[in-house]
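Peer 1: Structure file structure-v2.csv (CSV, C-alpha atoms) right here:
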```csv
chain,number,residue,atom,x,y,z
A,947,MET,CA,31.6,-51.0,-7.7
A,948,SER,CA,34.2,-48.3,-8.3
A,949,ASP,CA,33.2,-44.7,-8.6
A,950,ARG,CA,35.9,-44.1,-11.3
A,951,ASP,CA,34.6,-43.9,-14.8
A,952,PRO,CA,36.5,-46.4,-17.0
A,953,GLN,CA,38.6,-45.2,-19.9
A,954,PRO,CA,36.8,-45.8,-23.3
A,955,VAL,CA,38.4,-48.5,-25.4
A,956,GLU,CA,40.4,-47.1,-28.3
A,957,ARG,CA,38.8,-48.6,-31.4
A,958,GLN,CA,39.8,-48.7,-35.0
A,959,LEU,CA,36.5,-48.6,-36.9
A,960,PRO,CA,36.2,-48.6,-40.7
A,961,THR,CA,33.5,-45.9,-41.1
A,962,GLU,CA,31.8,-43.0,-39.5
A,963,GLU,CA,28.6,-45.1,-39.5
A,964,ALA,CA,30.4,-47.7,-37.4
A,965,ARG,CA,31.5,-45.1,-34.9
A,966,ASP,CA,28.0,-43.8,-34.6
A,967,LEU,CA,26.8,-47.4,-34.1
A,968,LEU,CA,29.2,-48.1,-31.3
A,969,ALA,CA,28.2,-44.8,-29.6
A,970,LEU,CA,24.6,-45.9,-29.7
A,971,VAL,CA,25.5,-49.3,-28.3
A,972,ARG,CA,27.5,-47.7,-25.4
A,973,GLU,CA,24.6,-45.4,-24.6
A,974,ILE,CA,22.1,-48.4,-24.5
A,975,ALA,CA,24.6,-50.4,-22.5
A,976,GLN,CA,25.2,-47.7,-19.9
A,977,ARG,CA,21.5,-46.6,-19.6
A,978,GLU,CA,19.5,-49.8,-20.0
A,979,ILE,CA,21.8,-52.8,-19.3
A,980,ALA,CA,24.6,-52.2,-16.8
A,981,PRO,CA,22.6,-50.6,-14.0
A,982,LYS,CA,20.3,-53.6,-13.7
A,983,ALA,CA,22.9,-56.3,-14.4
A,984,ALA,CA,24.0,-57.3,-10.9
A,985,GLU,CA,20.4,-57.4,-9.4
A,986,GLU,CA,18.9,-59.3,-12.3
A,987,GLU,CA,21.7,-61.8,-12.5
A,988,ASP,CA,21.4,-62.5,-8.8
A,989,ALA,CA,17.6,-63.0,-9.3
A,990,GLY,CA,18.1,-65.2,-12.4
A,991,ARG,CA,16.0,-62.8,-14.5
A,992,PHE,CA,16.3,-62.9,-18.3
A,993,PRO,CA,16.0,-59.4,-19.7
A,994,ARG,CA,13.7,-60.1,-22.7
A,995,GLU,CA,12.8,-56.4,-22.9
A,996,VAL,CA,16.5,-55.5,-23.6
A,997,PHE,CA,16.5,-57.9,-26.6
A,998,THR,CA,13.3,-56.3,-27.8
A,999,LEU,CA,15.0,-52.9,-27.6
A,1000,LEU,CA,18.1,-54.2,-29.4
A,1001,SER,CA,15.9,-55.6,-32.1
A,1002,ASP,CA,14.0,-52.3,-32.4
A,1003,SER,CA,17.4,-50.5,-32.6
A,1004,GLY,CA,18.6,-52.8,-35.5
A,1005,LEU,CA,21.2,-54.5,-33.3
A,1006,LEU,CA,20.1,-58.2,-33.6
A,1007,GLY,CA,20.9,-58.7,-37.3
A,1008,LEU,CA,24.0,-56.5,-37.7
A,1009,PRO,CA,26.2,-58.9,-39.9
A,1010,TYR,CA,23.3,-59.8,-42.2
A,1011,ASP,CA,21.9,-58.4,-45.5
A,1012,SER,CA,19.8,-55.2,-45.1
A,1013,GLU,CA,17.5,-56.7,-47.8
A,1014,TYR,CA,16.2,-59.0,-45.0
A,1015,GLY,CA,16.3,-56.6,-42.1
A,1016,GLY,CA,20.0,-56.9,-41.3
A,1017,GLY,CA,22.5,-54.2,-40.7
A,1018,ASP,CA,25.0,-54.8,-43.5
A,1019,GLN,CA,27.9,-54.5,-41.0
A,1020,PRO,CA,31.2,-56.3,-41.3
A,1021,TYR,CA,32.1,-58.8,-38.6
A,1022,GLU,CA,34.9,-56.4,-37.6
A,1023,VAL,CA,32.1,-54.0,-36.4
A,1024,TYR,CA,29.6,-56.5,-35.2
A,1025,LEU,CA,32.1,-58.1,-32.9
A,1026,GLN,CA,33.0,-54.8,-31.3
A,1027,VAL,CA,29.3,-54.3,-30.6
A,1028,LEU,CA,29.2,-57.7,-28.9
A,1029,GLU,CA,32.2,-56.7,-26.8
A,1030,GLU,CA,30.5,-53.5,-25.6
A,1031,LEU,CA,27.3,-55.4,-24.7
A,1032,ALA,CA,29.1,-58.2,-22.9
A,1033,ALA,CA,31.1,-55.6,-20.9
A,1034,ALA,CA,27.7,-54.3,-19.6
A,1035,ARG,CA,26.2,-57.7,-19.0
A,1036,LEU,CA,27.5,-61.1,-20.4
A,1037,THR,CA,23.9,-62.5,-20.6
A,1038,VAL,CA,23.1,-59.8,-23.2
A,1039,GLY,CA,26.3,-60.0,-25.2
A,1040,LEU,CA,26.3,-63.8,-25.3
A,1041,GLY,CA,22.5,-63.8,-26.1
A,1042,VAL,CA,23.1,-61.6,-29.1
A,1043,SER,CA,25.9,-63.9,-30.2
A,1044,VAL,CA,23.7,-67.0,-29.9
A,1045,HIS,CA,20.9,-65.3,-31.8
A,1046,THR,CA,23.3,-64.4,-34.6
A,1047,LEU,CA,24.5,-68.0,-34.6
A,1048,ALA,CA,21.0,-69.3,-34.8
A,1049,SER,CA,20.2,-67.1,-37.7
A,1050,TYR,CA,23.3,-68.0,-39.7
A,1051,ALA,CA,22.2,-71.3,-41.3
A,1052,LEU,CA,19.2,-69.7,-43.0
A,1053,ALA,CA,21.1,-66.5,-43.9
A,1054,ALA,CA,24.0,-68.5,-45.5
A,1055,TYR,CA,22.3,-71.7,-46.8
A,1056,GLY,CA,18.6,-71.0,-47.1
A,1057,THR,CA,16.8,-70.6,-50.4
A,1058,LYS,CA,15.7,-67.1,-51.5
A,1059,GLN,CA,12.1,-68.0,-50.7
A,1060,GLN,CA,13.1,-69.2,-47.2
A,1061,GLN,CA,15.1,-66.0,-46.6
A,1062,VAL,CA,12.3,-63.7,-47.8
A,1063,GLU,CA,9.7,-65.6,-45.7
A,1064,HIS,CA,11.6,-65.9,-42.4
A,1065,LEU,CA,14.7,-63.7,-42.1
A,1066,PRO,CA,13.0,-60.3,-41.6
A,1067,ALA,CA,11.2,-61.4,-38.5
A,1068,MET,CA,14.4,-63.2,-37.2
A,1069,LEU,CA,16.7,-60.3,-37.8
A,1070,GLY,CA,14.5,-57.3,-36.9
A,1071,GLY,CA,11.1,-58.5,-35.9
A,1072,GLY,CA,11.6,-58.9,-32.2
A,1073,LEU,CA,12.2,-62.7,-32.4
A,1074,LEU,CA,14.9,-64.5,-30.4
A,1075,GLY,CA,16.7,-67.6,-31.6
A,1076,ALA,CA,18.5,-70.7,-30.2
A,1077,TYR,CA,21.0,-73.1,-31.7
A,1078,CYS,CA,20.5,-76.8,-31.2
A,1079,LEU,CA,23.5,-79.0,-31.8
A,1080,SER,CA,24.6,-80.5,-28.5
A,1081,GLU,CA,22.8,-83.4,-26.8
A,1082,PRO,CA,23.1,-85.1,-23.4
A,1083,SER,CA,25.4,-87.8,-24.9
A,1084,SER,CA,27.1,-85.7,-27.7
A,1085,GLY,CA,28.9,-82.5,-26.8
A,1086,SER,CA,32.4,-82.3,-28.3
A,1087,ASP,CA,31.6,-85.3,-30.4
A,1088,ALA,CA,28.7,-83.5,-32.1
A,1089,ALA,CA,28.7,-85.8,-35.1
A,1090,SER,CA,27.3,-88.6,-32.9
A,1091,LEU,CA,24.0,-86.8,-32.2
A,1092,ARG,CA,20.9,-89.0,-32.0
A,1093,THR,CA,18.0,-86.6,-32.5
A,1094,LYS,CA,16.2,-88.0,-35.5
A,1095,ALA,CA,14.1,-86.4,-38.3
A,1096,VAL,CA,12.1,-88.9,-40.3
A,1097,ARG,CA,10.3,-88.1,-43.5
A,1098,ASP,CA,6.5,-88.1,-43.3
A,1099,GLY,CA,4.7,-87.1,-46.5
A,1100,ASP,CA,5.8,-83.6,-47.5
A,1101,GLY,CA,7.4,-82.9,-44.1
A,1102,TRP,CA,9.5,-84.3,-41.3
A,1103,VAL,CA,8.9,-85.5,-37.7
A,1104,ILE,CA,11.7,-84.7,-35.3
A,1105,THR,CA,12.2,-86.7,-32.1
A,1106,GLY,CA,15.0,-86.3,-29.5
A,1107,THR,CA,16.5,-84.1,-26.9
A,1108,LYS,CA,19.0,-81.3,-27.2
A,1109,ALA,CA,21.1,-80.1,-24.3
A,1110,TRP,CA,22.9,-77.0,-23.0
A,1111,ILE,CA,20.7,-74.8,-25.2
A,1112,THR,CA,21.0,-71.0,-24.5
A,1113,HIS,CA,17.5,-69.6,-24.6
A,1114,GLY,CA,16.1,-73.1,-24.4
A,1115,GLY,CA,12.4,-73.0,-23.7
A,1116,ILE,CA,12.0,-69.2,-24.4
A,1117,ALA,CA,13.3,-68.9,-28.0
A,1118,ASP,CA,11.0,-68.0,-30.8
A,1119,PHE,CA,12.9,-70.2,-33.3
A,1120,TYR,CA,15.4,-73.0,-33.1
A,1121,THR,CA,18.0,-74.0,-35.7
A,1122,VAL,CA,18.1,-77.8,-35.1
A,1123,MET,CA,20.6,-80.4,-36.3
A,1124,ALA,CA,18.9,-83.8,-36.6
A,1125,ARG,CA,19.9,-87.2,-38.0
A,1126,THR,CA,18.2,-88.0,-41.3
A,1127,GLY,CA,20.5,-90.7,-42.6
A,1128,GLU,CA,23.6,-92.8,-41.8
A,1129,ASP,CA,25.6,-92.5,-38.6
A,1130,GLY,CA,28.3,-89.9,-38.6
A,1131,PRO,CA,28.5,-86.4,-40.0
A,1132,ARG,CA,27.1,-87.1,-43.4
A,1133,GLY,CA,23.7,-88.1,-42.0
A,1134,ILE,CA,22.8,-84.8,-40.4
A,1135,THR,CA,20.4,-82.2,-41.7
A,1136,ALA,CA,19.5,-78.7,-40.5
A,1137,PHE,CA,16.0,-77.5,-39.8
A,1138,LEU,CA,14.4,-74.2,-38.7
A,1139,VAL,CA,11.8,-75.1,-36.0
A,1140,PRO,CA,9.3,-72.5,-34.6
A,1141,GLY,CA,9.4,-72.1,-30.9
A,1142,ASP,CA,5.7,-72.8,-30.5
A,1143,ALA,CA,5.7,-76.0,-32.6
A,1144,GLU,CA,3.5,-78.7,-31.1
A,1145,GLY,CA,5.6,-81.3,-29.3
A,1146,LEU,CA,8.5,-78.9,-28.5
A,1147,SER,CA,9.2,-78.1,-24.9
A,1148,GLY,CA,11.9,-76.8,-22.7
A,1149,ALA,CA,13.1,-78.4,-19.5
A,1150,MET,CA,13.8,-76.5,-16.3
A,1151,PRO,CA,16.8,-74.3,-16.8
A,1152,GLU,CA,20.1,-75.6,-15.5
A,1153,LYS,CA,21.3,-74.3,-12.1
A,1154,LYS,CA,24.6,-72.6,-13.0
A,1155,MET,CA,27.4,-71.0,-11.2
A,1156,GLY,CA,27.2,-67.9,-13.4
A,1157,MET,CA,25.1,-66.3,-16.1
A,1158,LYS,CA,22.0,-67.1,-14.0
A,1159,GLY,CA,20.0,-64.6,-16.0
A,1160,SER,CA,20.6,-66.5,-19.3
A,1161,PRO,CA,18.4,-69.7,-19.4
A,1162,THR,CA,20.3,-72.8,-20.4
A,1163,ALA,CA,18.0,-75.8,-20.8
A,1164,GLN,CA,17.4,-79.1,-22.5
A,1165,VAL,CA,14.9,-78.9,-25.4
A,1166,HIS,CA,12.7,-81.9,-26.1
A,1167,PHE,CA,11.3,-82.7,-29.5
A,1168,ASP,CA,8.4,-85.1,-29.1
A,1169,GLY,CA,7.2,-85.9,-32.6
A,1170,VAL,CA,7.6,-82.2,-33.8
A,1171,ARG,CA,6.3,-81.9,-37.3
A,1172,VAL,CA,8.0,-79.4,-39.7
A,1173,PRO,CA,7.4,-79.0,-43.4
A,1174,ASP,CA,10.1,-79.6,-45.9
A,1175,GLY,CA,10.2,-75.9,-46.6
A,1176,ARG,CA,11.9,-75.5,-43.2
A,1177,ARG,CA,14.7,-77.8,-44.1
A,1178,ILE,CA,17.9,-75.7,-44.5
A,1179,GLY,CA,20.3,-76.8,-47.2
A,1180,GLU,CA,20.5,-80.3,-48.6
A,1181,GLU,CA,19.8,-83.5,-46.8
A,1182,GLY,CA,23.0,-84.5,-45.1
A,1183,GLN,CA,24.5,-81.0,-45.3
A,1184,GLY,CA,23.6,-80.2,-41.7
A,1185,PHE,CA,27.0,-81.0,-40.0
A,1186,SER,CA,29.0,-78.8,-42.4
A,1187,ILE,CA,26.4,-76.0,-41.9
A,1188,ALA,CA,26.9,-76.5,-38.1
A,1189,LEU,CA,30.7,-76.3,-38.3
A,1190,SER,CA,30.6,-73.3,-40.6
A,1191,ALA,CA,28.2,-71.5,-38.1
A,1192,LEU,CA,30.5,-72.3,-35.2
A,1193,ASP,CA,33.6,-70.8,-36.9
A,1194,SER,CA,31.7,-67.5,-36.9
A,1195,GLY,CA,30.1,-68.1,-33.5
A,1196,ARG,CA,33.5,-68.7,-31.9
A,1197,LEU,CA,34.5,-65.1,-32.9
A,1198,GLY,CA,31.3,-64.0,-31.1
A,1199,ILE,CA,32.4,-65.8,-27.9
A,1200,ALA,CA,35.9,-64.3,-28.2
A,1201,ALA,CA,34.5,-60.8,-28.4
A,1202,CYS,CA,32.2,-61.4,-25.4
A,1203,ALA,CA,35.2,-62.7,-23.5
A,1204,ILE,CA,37.2,-59.6,-24.1
A,1205,GLY,CA,34.2,-57.4,-23.2
A,1206,LEU,CA,34.0,-59.3,-19.9
A,1207,ALA,CA,37.7,-59.0,-19.3
A,1208,GLN,CA,37.6,-55.3,-20.0
A,1209,ALA,CA,34.9,-54.8,-17.5
A,1210,ALA,CA,36.9,-56.7,-14.9
A,1211,LEU,CA,40.0,-54.6,-15.6
A,1212,ASP,CA,38.1,-51.4,-15.4
A,1213,GLU,CA,36.7,-52.5,-12.0
A,1214,ALA,CA,40.1,-53.5,-10.7
A,1215,VAL,CA,41.8,-50.2,-11.9
A,1216,GLY,CA,39.0,-48.2,-10.4
A,1217,TYR,CA,39.3,-50.0,-7.0
A,1218,ALA,CA,43.1,-49.9,-7.0
A,1219,THR,CA,43.3,-46.2,-7.6
A,1220,GLN,CA,40.9,-45.4,-4.8
A,1221,ARG,CA,41.8,-48.0,-2.1
A,1222,ARG,CA,44.6,-46.6,0.1
A,1223,GLN,CA,46.9,-48.7,2.3
A,1224,PHE,CA,50.1,-47.6,4.0
A,1225,GLY,CA,49.3,-44.0,3.0
A,1226,HIS,CA,49.1,-44.7,-0.8
A,1227,PRO,CA,46.6,-45.9,-3.4
A,1228,ILE,CA,47.3,-49.6,-3.8
A,1229,ALA,CA,47.7,-48.9,-7.5
A,1230,ASP,CA,51.1,-47.3,-6.6
A,1231,PHE,CA,52.5,-50.7,-5.5
A,1232,GLN,CA,54.6,-52.4,-8.1
A,1233,GLY,CA,53.1,-55.8,-7.5
A,1234,LEU,CA,49.6,-54.6,-8.4
A,1235,ARG,CA,50.9,-52.3,-11.2
A,1236,PHE,CA,52.5,-55.3,-12.9
A,1237,MET,CA,49.3,-57.3,-12.6
A,1238,ILE,CA,47.3,-54.4,-14.1
A,1239,ALA,CA,49.8,-54.1,-17.0
A,1240,ASP,CA,49.6,-57.8,-17.7
A,1241,MET,CA,45.8,-57.7,-17.7
A,1242,ALA,CA,45.7,-54.8,-20.1
A,1243,THR,CA,48.2,-56.4,-22.4
A,1244,GLN,CA,46.3,-59.7,-22.6
A,1245,ILE,CA,43.1,-57.9,-23.3
A,1246,GLU,CA,44.7,-55.9,-26.2
A,1247,ALA,CA,46.2,-59.0,-27.6
A,1248,GLY,CA,42.9,-60.8,-27.5
A,1249,ARG,CA,41.1,-57.9,-29.1
A,1250,ALA,CA,43.7,-57.8,-31.9
A,1251,LEU,CA,43.4,-61.5,-32.5
A,1252,TYR,CA,39.6,-61.6,-32.8
A,1253,LEU,CA,39.6,-58.6,-35.1
A,1254,ALA,CA,42.3,-60.1,-37.3
A,1255,ALA,CA,40.2,-63.2,-37.7
A,1256,ALA,CA,37.1,-61.0,-38.4
A,1257,ARG,CA,38.9,-59.1,-41.1
A,1258,LEU,CA,39.8,-62.4,-42.8
A,1259,ARG,CA,36.2,-63.4,-42.7
A,1260,ASP,CA,35.1,-60.0,-44.1
A,1261,ALA,CA,37.5,-60.4,-46.9
A,1262,GLY,CA,36.1,-63.9,-47.8
A,1263,LYS,CA,39.3,-65.7,-46.8
A,1264,PRO,CA,39.6,-68.8,-44.6
A,1265,PHE,CA,39.5,-68.0,-41.0
A,1266,ALA,CA,38.7,-71.2,-39.1
A,1267,LYS,CA,42.2,-71.5,-37.6
A,1268,GLN,CA,42.2,-67.9,-36.5
A,1269,ALA,CA,38.7,-68.2,-35.1
A,1270,ALA,CA,39.8,-71.2,-32.9
A,1271,MET,CA,42.9,-69.2,-31.8
A,1272,ALA,CA,40.8,-66.2,-30.9
A,1273,LYS,CA,38.2,-68.2,-29.0
A,1274,LEU,CA,41.0,-70.0,-27.1
A,1275,HIS,CA,43.1,-67.0,-26.2
A,1276,CYS,CA,40.3,-64.6,-25.5
A,1277,THR,CA,38.4,-66.9,-23.2
A,1278,ASP,CA,41.6,-68.0,-21.3
A,1279,THR,CA,42.3,-64.3,-21.0
A,1280,ALA,CA,38.9,-63.6,-19.5
A,1281,MET,CA,39.4,-66.3,-16.9
A,1282,LYS,CA,42.8,-65.0,-16.0
A,1283,VAL,CA,41.9,-61.3,-15.9
A,1284,THR,CA,38.7,-61.8,-13.9
A,1285,THR,CA,40.6,-64.0,-11.4
A,1286,ASP,CA,43.2,-61.3,-11.1
A,1287,ALA,CA,40.5,-58.7,-10.6
A,1288,VAL,CA,39.2,-60.6,-7.6
A,1289,GLN,CA,42.7,-60.8,-6.2
A,1290,ILE,CA,43.3,-57.0,-6.6
A,1291,LEU,CA,40.0,-56.3,-4.7
A,1292,GLY,CA,41.1,-58.7,-2.0
A,1293,GLY,CA,38.3,-59.6,0.4
A,1294,TYR,CA,35.9,-57.2,-1.3
A,1295,GLY,CA,36.5,-59.1,-4.5
A,1296,TYR,CA,35.1,-62.2,-3.0
A,1297,THR,CA,31.8,-60.5,-2.0
A,1298,ALA,CA,28.7,-59.9,-4.1
A,1299,ASP,CA,28.9,-56.2,-3.2
A,1300,PHE,CA,31.4,-55.8,-6.1
A,1301,PRO,CA,31.0,-57.3,-9.6
A,1302,ALA,CA,34.4,-59.0,-9.8
A,1303,GLU,CA,33.2,-62.3,-8.3
A,1304,ARG,CA,30.4,-62.4,-10.8
A,1305,TYR,CA,32.8,-61.7,-13.7
A,1306,MET,CA,35.0,-64.6,-12.5
A,1307,ARG,CA,32.1,-67.0,-12.3
A,1308,GLU,CA,30.8,-65.9,-15.8
A,1309,ALA,CA,34.2,-66.2,-17.4
A,1310,LYS,CA,34.5,-69.9,-16.7
A,1311,VAL,CA,31.7,-70.9,-19.1
A,1312,LEU,CA,33.3,-69.1,-22.0
A,1313,GLN,CA,36.1,-71.7,-21.9
A,1314,ILE,CA,33.4,-74.4,-22.4
A,1315,VAL,CA,30.7,-73.1,-24.8
A,1316,GLU,CA,30.8,-73.5,-28.6
A,1317,GLY,CA,33.7,-75.9,-28.4
A,1318,THR,CA,35.8,-76.4,-25.3
A,1319,ASN,CA,39.3,-74.9,-25.3
A,1320,GLN,CA,40.7,-78.4,-25.6
A,1321,ILE,CA,38.7,-78.8,-28.8
A,1322,GLN,CA,40.1,-75.4,-30.0
A,1323,ARG,CA,43.6,-76.7,-29.5
A,1324,MET,CA,42.8,-79.7,-31.5
A,1325,VAL,CA,41.5,-77.6,-34.4
A,1326,ILE,CA,44.5,-75.3,-34.3
A,1327,ALA,CA,46.9,-78.2,-34.2
A,1328,ARG,CA,45.2,-79.8,-37.3
A,1329,HIS,CA,45.7,-76.6,-39.2
A,1330,VAL,CA,49.3,-76.2,-38.2
A,1331,ALA,CA,50.6,-79.8,-38.0
A,1332,GLY,CA,48.0,-81.7,-40.1
A,1333,PRO,CA,45.4,-84.3,-39.1
A,1334,GLU,CA,46.1,-86.9,-36.5
A,1335,GLY,CA,47.2,-90.4,-37.5
A,1336,ARG,CA,48.7,-89.6,-40.9
```
Represent the structure from my file as structure tokens, please.
Peer 2:
Amino acid sequence: MSDRDPQPVERQLPTEEARDLLALVREIAQREIAPKAAEEEDAGRFPREVFTLLSDSGLLGLPYDSEYGGGDQPYEVYLQVLEELAAARLTVGLGVSVHTLASYALAAYGTKQQQVEHLPAMLGGGLLGAYCLSEPSSGSDAASLRTKAVRDGDGWVITGTKAWITHGGIADFYTVMARTGEDGPRGITAFLVPGDAEGLSGAMPEKKMGMKGSPTAQVHFDGVRVPDGRRIGEEGQGFSIALSALDSGRLGIAACAIGLAQAALDEAVGYATQRRQFGHPIADFQGLRFMIADMATQIEAGRALYLAAARLRDAGKPFAKQAAMAKLHCTDTAMKVTTDAVQILGGYGYTADFPAERYMREAKVLQIVEGTNQIQRMVIARHVAGPEGR
């Protein structure tokens, strides 16, 4: 890792409170997260104590109502917090994004009674959430999910398997989409399932090429009983809730991608300004200078794109197209920038002695999660050119 301190990101923040918040996040990231990141990722260790610290610091419920323990922060601010956390360690930034996604359904569609009963613990009580939509046979085609919830008296019995679940097996609560009616999107309902529910179990975590510290696992529901009071929204509304959550979640992935890309750029610049060849720092050579310029430009463009989408969301305006664009551009940028960072470090970039190779491995998954980038292109095209088959 380079000895050169990275230049702080120039941020446009709406309030002094937001500036203080970002300063706190950077302090936590530099003191508690970044120093252990490489070692813990290599060991596949999930930093649960970091999430407890983030919860205690009020950072796990930032975009939600303070009445229920949230931070009352606009998405414009929350996403920049995610970016800082992801730059220190993607497992943490993505984990906060997933927790926020898992809390969304109840915060946006729950009844007042449900919100009073559950949200304070979810947002500031040290709990960690997971979001259960994908299944072994339904990924991009999420509306074909097969997990069933069957009415039984005054409750429901859930049976099925969810796949690719971040925090699977360790989460304290799961937001679960299950089929309660007809085939297709209209037969899906959302439920809030406690992590210690009888019949719920997590499989062995997947063996992944990156983000080894973040558990990704199948979650099995073997006759899990939940009361009707844990049904979120109306019967059959679950798929629209899921899509609404993903619009916001994609912005979280975009911000994490830019954080990861920024970390890779900082590493590459630090190395290039110190590594000398032919009597000069390699940063003096035009070929590398142009690479660095392109990397920095792509990052700034991605940051501007996700913030523009966030400001639309904060203003209550439609932002689904912009969220898909941000997710697409920012994650492609992360893949390109991290690959270029490895190239700039040369042979050292290919070794685990420097973080560039880890950044590159981690970037790949961001092009896949919460809607592959091929799906994002379909979403964008529908907004621009209209639906297919007209």
Peer 1: Would you please work out which residue, of A:Gly1184, A:Lys1153, A:Arg1035, A:Pro1227, is nearest to Glu985 in chain A when using only C-alpha atoms?
Peer 2: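 Of the candidates, the smallest distance to Glu985 in chain A is held by A:Arg1035.
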Peer 1: Residues near Ala1239 in chain A, anyone? I mean within 12 Å using all atoms listed in the file, not counting same-chain ones fewer than 6 positions away, as a PyMOL selection string.
Peer 2: chain A and resi 1211+1214-1215+1229+1232-1233+1245-1246+1283+1286
Peer 1: Looking at only C-alpha atoms, which of A:Pro1009, A:Gly1159, A:Gly1317, A:Pro1333 is the one that sits closest to Gly1085 in chain A?
Peer 2: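 Counting only C-alpha atoms, the residue closest to Gly1085 in chain A is A:Gly1317.
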Peer 1: Set the distance at 12 Å and use only C-alpha atoms: which residues neighbour Glu962 in chain A once local chain neighbours fewer than 6 positions away are removed? I'd like the list as a ChimeraX atom specification.
Peer 2: /A:968-969,1023
Peer 1: Write out as JSON, numbers by chain each polymer residue whose atoms come within 10 Å of range 1287-1291 of chain A, counting only C-alpha atoms; drop sequence neighbours fewer than 2 positions from it.
Peer 2: {"A": [1207, 1209, 1210, 1211, 1212, 1213, 1214, 1215, 1216, 1217, 1218, 1221, 1228, 1229, 1233, 1234, 1237, 1238, 1241, 1281, 1282, 1283, 1284, 1285, 1293, 1294, 1295, 1296, 1297, 1300, 1301, 1302, 1303, 1304, 1305, 1306]}
Peer 1: Show me, as an mmCIF file with C-alpha atoms, keeping the file's coordinate frame, the residues that have an atom within 9 Å of Gly1070 in chain A when counting only C-alpha atoms, minus same-chain residues fewer than 3 positions from it.
Peer 2:
```
data_model
loop_
_atom_site.group_PDB
_atom_site.id
_atom_site.type_symbol
_atom_site.label_atom_id
_atom_site.label_comp_id
_atom_site.auth_asym_id
_atom_site.auth_seq_id
_atom_site.Cartn_x
_atom_site.Cartn_y
_atom_site.Cartn_z
ATOM 1 C CA LEU A 1000 18.100 -54.200 -29.400
ATOM 2 C CA SER A 1001 15.900 -55.600 -32.100
ATOM 3 C CA ASP A 1002 14.000 -52.300 -32.400
ATOM 4 C CA SER A 1003 17.400 -50.500 -32.600
ATOM 5 C CA GLY A 1004 18.600 -52.800 -35.500
ATOM 6 C CA LEU A 1005 21.200 -54.500 -33.300
ATOM 7 C CA LEU A 1006 20.100 -58.200 -33.600
ATOM 8 C CA GLY A 1007 20.900 -58.700 -37.300
ATOM 9 C CA TYR A 1014 16.200 -59.000 -45.000
ATOM 10 C CA GLY A 1015 16.300 -56.600 -42.100
ATOM 11 C CA GLY A 1016 20.000 -56.900 -41.300
ATOM 12 C CA LEU A 1065 14.700 -63.700 -42.100
ATOM 13 C CA PRO A 1066 13.000 -60.300 -41.600
ATOM 14 C CA ALA A 1067 11.200 -61.400 -38.500
ATOM 15 C CA LEU A 1073 12.200 -62.700 -32.400
#
```
Peer 1: State, in Å with one decimal place, the distance from CA of Ser1083 in chain A to CA of Gln1164 in chain A.
Peer 2: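 Straight-line distance from CA of Ser1083 in chain A to CA of Gln1164 in chain A works out to 12.1 Å.
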